[in-house]
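*Asks:* Structure file target.csv, CSV, C-alpha atoms, is pasted below:
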```
chain,number,residue,atom,x,y,z
W,25,MET,CA,97.3,98.0,111.1
W,26,GLU,CA,100.9,99.2,111.3
W,27,ARG,CA,104.4,97.9,111.9
W,28,CYS,CA,107.9,99.1,112.0
W,29,LEU,CA,110.1,98.2,109.0
W,30,LYS,CA,113.9,97.8,108.9
W,31,LYS,CA,114.4,99.0,112.5
W,32,ARG,CA,117.8,98.4,114.0
W,33,LYS,CA,118.4,99.0,117.7
W,34,SER,CA,121.5,101.1,118.5
W,35,PRO,CA,123.1,101.7,121.9
W,36,ASP,CA,121.8,105.2,121.8
W,37,ASP,CA,118.2,103.9,121.4
W,38,ALA,CA,118.7,101.8,124.6
W,39,MET,CA,120.0,104.7,126.6
W,40,GLY,CA,117.1,107.0,125.6
W,41,ALA,CA,117.3,110.7,124.7
W,42,ALA,CA,119.3,111.9,127.6
W,43,SER,CA,120.9,114.9,126.0
W,44,THR,CA,119.3,118.3,125.7
W,45,ALA,CA,118.3,119.7,122.4
W,46,THR,CA,118.2,122.8,120.3
W,47,ALA,CA,115.1,124.5,118.9
W,48,THR,CA,112.5,122.4,117.3
W,49,ARG,CA,112.1,122.5,113.4
W,50,GLY,CA,108.8,121.5,111.9
W,51,VAL,CA,108.2,120.4,108.3
W,52,ALA,CA,105.1,118.9,106.7
W,53,HIS,CA,105.7,117.1,103.4
W,54,GLN,CA,103.3,115.5,101.0
W,55,LEU,CA,103.4,112.8,98.4
W,56,SER,CA,100.3,113.0,96.0
W,57,ILE,CA,99.6,109.9,93.9
W,58,PHE,CA,97.4,110.7,90.9
W,59,GLY,CA,95.8,107.9,88.9
W,60,TYR,CA,96.0,105.7,91.9
W,61,SER,CA,93.9,102.8,90.7
W,62,GLY,CA,96.1,102.4,87.6
W,63,ARG,CA,99.3,102.6,89.6
W,64,VAL,CA,98.0,99.8,92.0
W,65,LYS,CA,97.1,97.5,89.1
W,66,ARG,CA,100.6,97.8,87.5
W,67,ALA,CA,102.5,97.6,90.8
W,68,ARG,CA,104.6,94.6,91.8
W,69,PRO,CA,105.9,93.8,95.3
W,70,GLY,CA,108.7,96.2,96.1
W,71,ASP,CA,107.7,98.8,93.5
W,72,SER,CA,107.5,102.2,95.1
W,73,ILE,CA,106.5,105.8,94.5
W,74,THR,CA,108.9,108.2,96.0
W,75,SER,CA,108.4,111.9,96.8
W,76,ALA,CA,110.8,114.7,96.2
W,77,THR,CA,113.6,115.0,98.8
W,78,PHE,CA,112.9,117.5,101.6
W,79,ARG,CA,115.1,118.7,104.4
W,80,CYS,CA,114.6,119.0,108.2
W,81,ALA,CA,117.0,119.4,111.1
W,82,GLY,CA,120.1,119.0,109.0
W,83,HIS,CA,119.0,115.8,107.2
W,84,ASP,CA,117.5,114.8,103.8
W,85,TRP,CA,114.2,112.8,103.9
W,86,ALA,CA,111.7,111.4,101.4
W,87,ILE,CA,108.4,109.6,101.5
W,88,ARG,CA,108.1,106.2,99.8
W,89,TYR,CA,104.8,104.5,99.1
W,90,TYR,CA,104.5,100.8,98.2
W,91,PRO,CA,101.1,100.2,96.5
W,92,ALA,CA,101.7,96.4,96.4
W,93,GLY,CA,103.7,96.1,99.6
W,94,ARG,CA,107.4,95.8,100.2
W,95,ASP,CA,107.5,92.1,99.5
W,96,VAL,CA,105.4,89.2,98.2
W,97,GLN,CA,104.1,88.5,101.8
W,98,ASP,CA,102.7,92.0,102.0
W,99,LYS,CA,101.0,91.7,98.6
W,100,ASP,CA,99.5,88.3,99.5
W,101,GLN,CA,98.0,89.8,102.6
W,102,GLY,CA,96.6,92.8,100.7
W,103,LEU,CA,98.8,95.4,102.4
W,104,VAL,CA,100.3,98.7,101.3
W,105,SER,CA,103.4,100.2,102.9
W,106,VAL,CA,104.2,103.9,103.7
W,107,VAL,CA,107.7,104.7,104.7
W,108,LEU,CA,109.5,107.8,105.9
W,109,MET,CA,113.1,107.5,104.6
W,110,LEU,CA,116.2,109.1,106.0
W,111,LEU,CA,118.3,109.7,102.9
W,112,SER,CA,121.3,111.4,104.4
W,113,ARG,CA,124.1,108.8,104.1
W,114,GLY,CA,127.2,108.3,106.3
W,115,GLY,CA,127.4,108.0,110.0
W,116,GLY,CA,123.7,107.0,110.4
W,117,GLY,CA,122.5,110.3,109.1
W,118,GLY,CA,125.1,112.4,107.3
W,119,GLY,CA,127.6,114.5,109.2
W,120,GLY,CA,126.9,112.9,112.6
W,121,GLU,CA,123.9,115.1,113.3
W,122,GLN,CA,121.8,113.5,116.1
W,123,VAL,CA,118.2,114.6,116.1
W,124,SER,CA,115.1,113.5,118.0
W,125,GLY,CA,111.4,114.4,118.0
W,126,THR,CA,108.1,113.1,116.7
W,127,TYR,CA,106.2,112.7,113.4
W,128,THR,CA,102.7,112.1,112.3
W,129,LEU,CA,101.4,110.2,109.3
W,130,ASP,CA,98.2,111.2,107.5
W,131,VAL,CA,96.7,109.5,104.4
W,132,ASN,CA,94.0,111.5,102.7
W,133,GLY,CA,92.9,112.8,106.1
W,134,ASP,CA,90.1,115.2,106.5
W,135,GLY,CA,91.6,117.0,109.5
W,136,GLU,CA,88.8,116.1,111.8
W,137,GLU,CA,90.8,113.6,113.9
W,138,ALA,CA,94.4,114.3,114.9
W,139,PRO,CA,96.8,111.6,113.6
W,140,GLU,CA,98.8,109.6,116.1
W,141,ARG,CA,102.2,111.0,117.0
W,142,HIS,CA,105.3,108.7,116.8
W,143,ASP,CA,108.7,109.1,118.3
W,144,ILE,CA,111.7,109.4,116.1
W,145,ARG,CA,115.5,109.6,116.8
W,146,VAL,CA,118.4,109.7,114.4
W,147,VAL,CA,121.7,108.5,115.7
W,148,PRO,CA,124.8,107.0,114.0
W,149,GLY,CA,124.1,103.4,113.1
W,150,GLY,CA,120.5,103.7,114.0
W,151,VAL,CA,117.2,103.4,112.2
W,152,THR,CA,117.0,104.8,108.7
W,153,CYS,CA,113.3,104.4,107.9
W,154,TRP,CA,110.0,104.4,109.8
W,155,GLY,CA,107.3,102.4,108.1
W,156,HIS,CA,103.6,101.6,108.5
W,157,THR,CA,101.4,99.2,106.7
W,158,MET,CA,97.6,99.2,106.1
W,159,GLU,CA,95.1,97.0,104.3
W,160,SER,CA,94.8,98.2,100.7
W,161,LYS,CA,91.1,98.0,100.8
W,162,ILE,CA,90.8,100.6,103.5
W,163,VAL,CA,93.2,103.1,101.9
W,164,PRO,CA,91.0,106.3,101.5
W,165,VAL,CA,91.1,107.2,97.8
W,166,LYS,CA,89.6,110.5,96.7
W,167,ASP,CA,89.1,111.3,93.0
W,168,ASP,CA,91.5,108.5,92.2
W,169,ARG,CA,94.2,110.2,94.2
W,170,VAL,CA,96.0,109.4,97.5
W,171,THR,CA,97.9,112.0,99.4
W,172,VAL,CA,100.4,110.9,102.1
W,173,THR,CA,101.5,113.6,104.6
W,174,PHE,CA,104.4,113.2,107.1
W,175,ALA,CA,104.7,116.1,109.6
W,176,LEU,CA,108.0,116.1,111.4
W,177,GLU,CA,108.9,118.0,114.5
W,178,LEU,CA,112.6,117.5,115.2
W,179,CYS,CA,115.4,119.1,117.1
W,180,LYS,CA,119.2,118.7,117.1
W,181,ASP,CA,120.7,117.2,120.2
W,182,ASN,CA,123.3,119.5,121.8
W,183,GLY,CA,125.7,116.5,121.9
W,184,SER,CA,125.7,116.2,118.1
W,185,SER,CA,128.7,117.2,116.1
W,186,SER,CA,127.2,120.3,114.6
W,187,GLY,CA,125.1,123.1,116.1
W,188,THR,CA,124.7,125.0,112.8
W,189,THR,CA,121.3,126.1,111.7
W,190,ASP,CA,119.5,124.3,108.9
W,191,ALA,CA,118.8,127.1,106.5
W,192,THR,CA,116.6,125.0,104.2
W,193,ALA,CA,114.3,123.6,106.8
W,194,ALA,CA,111.1,125.2,107.9
W,195,GLU,CA,111.9,127.3,111.0
W,196,PRO,CA,109.1,128.2,113.4
W,197,THR,CA,111.3,130.5,115.5
W,198,GLY,CA,112.3,134.0,114.6
W,199,GLY,CA,110.8,136.2,111.8
W,200,GLY,CA,107.6,136.7,113.8
W,201,GLY,CA,107.1,132.9,114.0
W,202,VAL,CA,106.6,132.6,110.2
W,203,ALA,CA,107.6,129.1,109.0
W,204,VAL,CA,108.8,128.9,105.4
W,205,PRO,CA,108.2,125.4,103.9
W,206,PRO,CA,111.0,123.7,101.8
W,207,PRO,CA,110.9,123.9,98.0
W,208,ASN,CA,108.3,121.7,96.4
W,209,MET,CA,108.4,122.6,92.7
W,210,SER,CA,109.1,119.0,91.6
W,211,GLU,CA,105.9,117.9,93.3
W,212,HIS,CA,103.8,120.4,91.4
W,213,LEU,CA,105.5,119.3,88.2
W,214,VAL,CA,104.8,115.6,88.7
W,215,GLN,CA,101.2,116.5,89.6
W,216,PHE,CA,101.0,118.3,86.2
W,217,LEU,CA,102.3,115.2,84.5
W,218,GLU,CA,99.8,112.9,86.2
W,219,SER,CA,96.8,115.1,85.8
W,220,LYS,CA,97.6,115.4,82.0
W,221,GLN,CA,96.5,119.0,82.1
W,222,GLY,CA,98.0,121.0,79.2
W,223,ALA,CA,99.7,117.9,77.7
W,224,ASP,CA,100.6,118.6,74.0
W,225,VAL,CA,102.2,115.2,73.1
W,226,THR,CA,101.3,111.6,73.8
W,227,PHE,CA,104.0,108.9,73.7
W,228,HIS,CA,103.0,105.3,72.8
W,229,VAL,CA,105.2,102.7,74.4
W,230,GLU,CA,104.3,99.1,74.2
W,231,ASP,CA,100.5,99.1,75.1
W,232,ARG,CA,100.6,102.2,77.3
W,233,GLU,CA,100.1,105.9,76.6
W,234,PHE,CA,102.0,108.7,78.3
W,235,PRO,CA,100.7,112.3,77.9
W,236,ALA,CA,103.4,114.9,78.5
W,237,HIS,CA,104.5,118.5,77.9
W,238,LYS,CA,107.0,119.2,75.0
W,239,LEU,CA,108.5,122.4,76.5
W,240,LEU,CA,109.4,120.7,79.8
W,241,LEU,CA,110.9,117.6,78.0
W,242,ALA,CA,112.9,119.9,75.7
W,243,MET,CA,114.3,121.8,78.7
W,244,ARG,CA,115.6,118.6,80.3
W,245,SER,CA,116.7,116.4,77.3
W,246,PRO,CA,118.8,117.4,74.3
W,247,VAL,CA,117.1,114.6,72.3
W,248,PHE,CA,113.6,115.9,73.0
W,249,ARG,CA,114.8,119.4,72.3
W,250,ALA,CA,116.0,118.4,68.9
W,251,GLY,CA,112.9,116.4,68.2
W,252,PHE,CA,110.3,119.0,69.2
W,253,PHE,CA,112.1,122.3,68.4
W,254,GLY,CA,114.5,121.3,65.6
W,255,SER,CA,114.0,120.1,62.1
W,256,MET,CA,112.9,116.6,63.0
W,257,LYS,CA,109.4,115.4,62.1
W,258,GLU,CA,108.3,115.2,65.7
W,259,ALA,CA,108.2,119.1,65.9
W,260,ALA,CA,104.6,119.3,64.9
W,261,THR,CA,103.3,115.9,65.9
W,262,ARG,CA,101.1,115.2,68.9
W,263,ALA,CA,101.8,111.5,69.0
W,264,VAL,CA,105.2,109.7,69.2
W,265,ARG,CA,105.8,106.0,69.1
W,266,ILE,CA,108.7,104.8,71.1
W,267,LEU,CA,110.2,101.5,70.0
W,268,ASP,CA,112.6,99.1,71.6
W,269,MET,CA,111.9,100.3,75.1
W,270,LYS,CA,109.8,98.9,78.0
W,271,ALA,CA,106.9,101.0,79.1
W,272,ASP,CA,108.1,101.0,82.8
W,273,ALA,CA,111.5,102.3,81.7
W,274,PHE,CA,109.9,105.2,79.8
W,275,ASP,CA,107.7,105.9,82.7
W,276,ALA,CA,110.8,106.2,84.9
W,277,VAL,CA,112.4,108.5,82.3
W,278,LEU,CA,109.4,110.8,82.3
W,279,ARG,CA,109.3,111.0,86.1
W,280,PHE,CA,113.0,111.8,86.3
W,281,LEU,CA,112.5,114.6,83.7
W,282,TYR,CA,109.7,116.1,85.8
W,283,THR,CA,111.2,115.6,89.3
W,284,ASP,CA,115.0,115.1,88.9
W,285,ALA,CA,114.6,112.5,91.7
W,286,THR,CA,116.4,109.1,91.8
W,287,PRO,CA,114.2,106.4,90.2
W,288,PRO,CA,112.7,104.0,92.8
W,289,ASP,CA,114.4,100.9,91.4
W,290,VAL,CA,117.8,102.7,91.5
W,291,ASP,CA,117.1,103.7,95.2
W,292,CYS,CA,116.1,100.1,96.1
W,293,LEU,CA,119.2,98.7,94.5
W,294,LEU,CA,121.4,101.2,96.3
W,295,ASP,CA,119.8,100.7,99.8
W,296,GLY,CA,119.7,96.9,99.6
W,297,SER,CA,115.8,96.7,99.8
W,298,ALA,CA,115.7,93.5,97.7
W,299,ALA,CA,114.4,90.8,100.0
W,300,ALA,CA,115.8,87.9,98.0
W,301,ALA,CA,118.3,87.1,95.3
W,302,GLU,CA,115.6,86.9,92.6
W,303,ASP,CA,114.3,90.4,93.7
W,304,LYS,CA,117.9,91.8,93.4
W,305,ALA,CA,118.2,90.2,90.0
W,306,LYS,CA,114.9,91.8,88.8
W,307,LEU,CA,116.0,95.2,90.2
W,308,ALA,CA,119.4,95.0,88.5
W,309,ALA,CA,117.7,94.1,85.2
W,310,ASN,CA,115.3,97.1,85.6
W,311,VAL,CA,118.2,99.5,86.4
W,312,ARG,CA,120.0,98.2,83.2
W,313,ASP,CA,116.9,99.1,81.2
W,314,LEU,CA,116.9,102.6,82.9
W,315,LEU,CA,120.5,103.1,82.0
W,316,ALA,CA,119.9,102.3,78.4
W,317,ALA,CA,116.8,104.6,78.3
W,318,ALA,CA,118.7,107.5,80.0
W,319,ASP,CA,121.5,107.2,77.5
W,320,ARG,CA,119.0,107.2,74.6
W,321,PHE,CA,117.5,110.5,75.7
W,322,GLY,CA,120.8,112.1,76.8
W,323,LEU,CA,120.1,112.1,80.5
W,324,GLU,CA,123.6,112.1,81.9
W,325,ARG,CA,122.7,112.4,85.6
W,326,MET,CA,120.2,109.6,85.5
W,327,ARG,CA,122.7,107.4,83.6
W,328,LEU,CA,125.3,108.0,86.2
W,329,MET,CA,122.8,107.1,89.0
W,330,CYS,CA,122.2,103.8,87.2
W,331,GLU,CA,125.9,103.2,86.8
W,332,LYS,CA,126.5,103.8,90.5
W,333,ALA,CA,123.7,101.5,91.5
W,334,LEU,CA,124.9,98.7,89.3
W,335,CYS,CA,128.4,99.0,90.7
W,336,ASP,CA,127.2,98.9,94.3
W,337,ALA,CA,125.0,95.8,93.6
W,338,MET,CA,127.6,93.9,91.5
W,339,ASP,CA,127.7,90.2,92.0
W,340,ALA,CA,128.6,87.1,90.0
W,341,GLU,CA,125.1,86.7,88.6
W,342,ASN,CA,124.8,90.3,87.1
W,343,ALA,CA,128.4,91.2,86.4
W,344,VAL,CA,128.4,90.0,82.8
W,345,ALA,CA,125.1,91.7,81.9
W,346,ALA,CA,126.4,95.0,83.4
W,347,LEU,CA,129.6,94.6,81.4
W,348,ARG,CA,127.8,94.1,78.1
W,349,LEU,CA,125.6,97.1,78.8
W,350,ALA,CA,128.5,99.3,79.7
W,351,ASP,CA,130.3,98.3,76.5
W,352,GLN,CA,127.2,99.0,74.4
W,353,HIS,CA,126.5,102.5,75.9
W,354,HIS,CA,130.2,103.5,76.3
W,355,CYS,CA,130.0,103.7,80.1
W,356,GLN,CA,133.8,103.4,80.7
W,357,LYS,CA,133.8,103.6,84.5
W,358,LEU,CA,131.1,100.9,84.8
W,359,LYS,CA,133.0,98.8,82.3
W,360,ALA,CA,136.2,99.1,84.2
W,361,PHE,CA,134.5,98.3,87.5
W,362,CYS,CA,132.9,95.1,86.0
W,363,ILE,CA,136.3,93.9,84.7
W,364,ASP,CA,138.0,94.7,88.0
W,365,TYR,CA,135.3,92.9,89.9
W,366,MET,CA,135.6,89.7,87.8
W,367,ALA,CA,139.4,89.8,88.2
W,368,SER,CA,139.3,90.6,91.9
W,369,SER,CA,139.9,87.0,93.0
W,370,PRO,CA,140.0,83.4,91.6
W,371,ALA,CA,136.8,82.6,93.6
W,372,VAL,CA,134.9,85.5,92.0
W,373,LEU,CA,136.2,84.6,88.6
W,374,LYS,CA,135.1,81.0,89.0
W,375,ASP,CA,131.6,82.1,90.0
W,376,VAL,CA,131.3,84.4,87.1
W,377,MET,CA,132.6,81.9,84.6
W,378,ALA,CA,129.9,79.4,85.8
W,379,THR,CA,127.1,81.6,84.7
W,380,ASP,CA,125.3,81.1,81.3
W,381,ALA,CA,125.8,84.8,80.6
W,382,PHE,CA,129.6,84.3,80.6
W,383,LEU,CA,129.3,81.4,78.2
W,384,GLU,CA,127.3,83.6,75.8
W,385,LEU,CA,129.9,86.4,76.3
W,386,LYS,CA,132.7,84.2,75.1
W,387,GLU,CA,130.8,83.5,71.9
W,388,SER,CA,129.5,87.0,71.1
W,389,CYS,CA,132.0,89.5,72.6
W,390,PRO,CA,135.6,88.2,72.2
W,391,SER,CA,136.9,91.7,72.7
W,392,LEU,CA,135.5,91.9,76.2
W,393,ILE,CA,137.0,88.6,77.0
W,394,ALA,CA,140.4,90.0,75.8
W,395,ASP,CA,139.9,93.0,78.1
W,396,LEU,CA,139.2,90.6,81.0
W,397,LEU,CA,142.2,88.4,80.3
W,398,GLN,CA,144.5,91.5,80.2
W,399,GLN,CA,143.2,92.6,83.6
W,400,LEU,CA,143.6,89.1,85.0
W,401,ALA,CA,147.2,89.1,83.8
W,402,THR,CA,147.9,92.5,85.3
W,403,LYS,CA,146.6,91.4,88.7
W,404,GLY,CA,148.3,88.1,88.5
W,405,VAL,CA,145.1,86.1,88.9
W,406,LEU,CA,145.9,83.8,86.0
```
Give the structure from the file, written as structure tokens.
*Replies:*
Amino acid sequence: MERCLKKRKSPDDAMGAASTATATRGVAHQLSIFGYSGRVKRARPGDSITSATFRCAGHDWAIRYYPAGRDVQDKDQGLVSVVLMLLSRGGGGGGGEQVSGTYTLDVNGDGEEAPERHDIRVVPGGVTCWGHTMESKIVPVKDDRVTVTFALELCKDNGSSSGTTDATAAEPTGGGGVAVPPPNMSEHLVQFLESKQGADVTFHVEDREFPAHKLLLAMRSPVFRAGFFGSMKEAATRAVRILDMKADAFDAVLRFLYTDATPPDVDCLLDGSAAAAEDKAKLAANVRDLLAAADRFGLERMRLMCEKALCDAMDAENAVAALRLADQHHCQKLKAFCIDYMASSPAVLKDVMATDAFLELKESCPSLIADLLQQLATKGVL
């Protein structure tokens, strides 16, 4: 069973691929999910597992797997979703590059039967993801692992704004026909994390355990570096208890440390994947947890990702929570954005003031109310 997700027709789609194209570029990219049964049990509708970013025909792509479906309806029907995501932003694909071609999807295939080939076209304002669903009970699981492979064969249309070669994509032409695949170190690192091979420390967070590798954590986080290779007591220990943090937030921290990829909840909040207001509220709360966790372990890039997502998803319901978080973790740009948003118009201010969170803010954080009043006076809203 399969279906297209989030497809939007564009005038270019209706006209068809009339323009000629440059040489075809081929890339096969995999997402391997270890410990699959456990990931499925913990998954909620909309939770996703995202591959490392890869590049083909001048665009950035990623694979996203939803073990509990993209929404409650999928979960109720026992469906999982697999999506090829176009990550290049701006102009329907970054830089106005128009490409077309085909792709195949294979889930733990044995190679005996050729997978079905699907058409794909990237044009400004066009489709940004290509999705398929299948019943969870028929997903082929091998050794508690699922491997998803998307194989793309794309070419740039001659009518696109750029005819430059894509140096980072696999090129089947030239060099004796040898195709060099894109970098995939992050995939190997996350496989190392999920296989638990060589793990020399185990974190205990809530009721879950997270085996990891001290050296890699120390390379990526100044907090872990001080803990494992400084004078702190964790230097010789093989077990660390993490308090005052949700297990899902720590899991996201670990995966960021191993992959440097945007956490799935941050991605979903940025691309507007939330299907309903309650889904958006839950995503925003998750991202606030991630920001606090990133700040705790000194992960500046992850913290800024979270700040950007919270700014992009700002509304009357989450503005106060974001403001309090920004104040607690000294996120000055996020704090300024929250106050500017609340003071942007009388209507917005009225909606914010009607929330329970604002009433609590007046009681517990008078200094933030003073900052808001100052901005309101500056803008002449009062």
*Asks:* Need the neighbours of (104.7, 121.3, 89.1): which residues are at most 12 Å away, counting all atoms listed in the file, as a list of chain:residue names?
*Replies:*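 The requested residues, written out, are W:Ser56, W:Ala76, W:Pro207, W:Asn208, W:Met209, W:Ser210, W:Glu211, W:His212, W:Leu213, W:Val214, W:Gln215, W:Phe216, W:Leu217, W:Glu218, W:Ser219, W:Lys220, W:Gln221, W:Gly222, W:His237, W:Leu240, W:Arg279, W:Leu281, W:Tyr282, W:Thr283.
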*Asks:* Give the answer as one residue: which of W:Ile266, W:Ala92, W:Ala250, W:Val311 has the shortest atom-to-atom distance to W:Ala337, using all atoms listed in the file?
*Replies:* W:Val311
*Asks:* Quick one: residues within 8 Å of W:Pro235, all atoms listed in the file, excluding same-chain residues fewer than 5 positions away - as a list in words?
*Replies:* Leu217, Lys220, Ala223, Asp224, Val225, Thr226 and Phe227 of chain W
*Asks:* Within 10 Å of (123.0, 106.1, 87.4) in the file's own coordinates, which protein, DNA or RNA residues have an atom, counting only C-alpha atoms? List them as a list in words.
*Replies:*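 Residues lying no farther than 10 Å from the given point: Thr286, Pro287, Val290, Val311, Arg312, Leu314, Leu315, Ala318, Leu323, Glu324, Arg325, Met326, Arg327, Leu328, Met329, Cys330, Glu331, Lys332, Ala333, Leu334, Cys335 and Leu358 of chain W.
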*Asks:* So what do you get for atom CA of W:Gly59 versus atom CA of W:Lys166, distance-wise?
*Replies:*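 Straight-line distance from atom CA of W:Gly59 to atom CA of W:Lys166 works out to 10.3 Å.
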*Asks:* With distances taken over all atoms listed in the file, which of W:Asp100, W:Asp313, W:Glu387, W:Asp291 is nearest to W:Asp268?
*Replies:*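 Under the stated criterion, the closest residue is W:Asp313.
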*Asks:* Under the rule that only C-alpha atoms are counted, which of W:Met377, W:Val131, W:Leu176, W:Val163 is the nearest residue to W:Phe78?
*Replies:*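 Of W:Met377, W:Val131, W:Leu176, W:Val163, the one nearest W:Phe78, counting only C-alpha atoms, is W:Leu176.
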*Asks:* Using atom CA of W:Val51 and atom CA of W:Val204 as the two end points, give the distance in Å to one decimal.
*Replies:*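 Pair atom CA of W:Val51 / atom CA of W:Val204 returns 9.0 Å.
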*Asks:* Give me, please, the distance in Å between atom CA of W:Arg145 and atom CA of W:Ala81, quoted to one decimal.
*Replies:* 11.4 Å
*Asks:* List the neighbours of W:Arg249 out to 12 Å using only C-alpha atoms; skip same-chain residues closer than 2 positions along the sequence, and give me the result as a list in words.
*Replies:*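 Neighbouring residues, sequence-local ones excluded: His237, Lys238, Leu239, Leu240, Leu241, Ala242, Met243, Arg244, Ser245, Pro246, Val247, Gly251, Phe252, Phe253, Gly254, Ser255, Met256, Glu258, Ala259, Phe321 and Gly322 of chain W.
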*Asks:* Let's have the selection written as a PDB file, keeping the file's coordinate frame, with C-alpha atoms.
*Replies:*
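Result saved to part.pdb:
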```pdb
ATOM      1  CA  HIS W 237     104.500 118.500  77.900  1.00  0.00           C
ATOM      2  CA  LYS W 238     107.000 119.200  75.000  1.00  0.00           C
ATOM      3  CA  LEU W 239     108.500 122.400  76.500  1.00  0.00           C
ATOM      4  CA  LEU W 240     109.400 120.700  79.800  1.00  0.00           C
ATOM      5  CA  LEU W 241     110.900 117.600  78.000  1.00  0.00           C
ATOM      6  CA  ALA W 242     112.900 119.900  75.700  1.00  0.00           C
ATOM      7  CA  MET W 243     114.300 121.800  78.700  1.00  0.00           C
ATOM      8  CA  ARG W 244     115.600 118.600  80.300  1.00  0.00           C
ATOM      9  CA  SER W 245     116.700 116.400  77.300  1.00  0.00           C
ATOM     10  CA  PRO W 246     118.800 117.400  74.300  1.00  0.00           C
ATOM     11  CA  VAL W 247     117.100 114.600  72.300  1.00  0.00           C
ATOM     12  CA  GLY W 251     112.900 116.400  68.200  1.00  0.00           C
ATOM     13  CA  PHE W 252     110.300 119.000  69.200  1.00  0.00           C
ATOM     14  CA  PHE W 253     112.100 122.300  68.400  1.00  0.00           C
ATOM     15  CA  GLY W 254     114.500 121.300  65.600  1.00  0.00           C
ATOM     16  CA  SER W 255     114.000 120.100  62.100  1.00  0.00           C
ATOM     17  CA  MET W 256     112.900 116.600  63.000  1.00  0.00           C
ATOM     18  CA  GLU W 258     108.300 115.200  65.700  1.00  0.00           C
ATOM     19  CA  ALA W 259     108.200 119.100  65.900  1.00  0.00           C
ATOM     20  CA  PHE W 321     117.500 110.500  75.700  1.00  0.00           C
ATOM     21  CA  GLY W 322     120.800 112.100  76.800  1.00  0.00           C
TER      22      GLY W 322
END
```
*Asks:* Report as a list of chain:residue names all protein, DNA and RNA residues lying within 7 Å of W:His53, evaluated on all atoms listed in the file, omitting residues in the same chain fewer than 5 positions from it.
*Replies:*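 Result of the neighbour search: W:Thr173, W:Phe174, W:Ala175.
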*Asks:* Using all atoms listed in the file, can you tell me which of W:Thr261, W:Ser369, W:Thr379, W:Thr74 comes closest to W:Ser105?
*Replies:*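 Using all atoms listed in the file, the shortest distance to W:Ser105 belongs to W:Thr74.
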*Asks:* Between W:Ala86, W:Val96, W:Val172, W:Leu55, which residue has the minimum interatomic distance to W:Asp303, considering all atoms listed in the file?
*Replies:* W:Val96
*Asks:* I need the residue nearest W:Leu103 from this list: W:Glu159, W:Asp289, W:Asp284, W:Glu233. Use all atoms listed in the file for the distance.
*Replies:*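 Result for the nearest residue to W:Leu103: W:Glu159.
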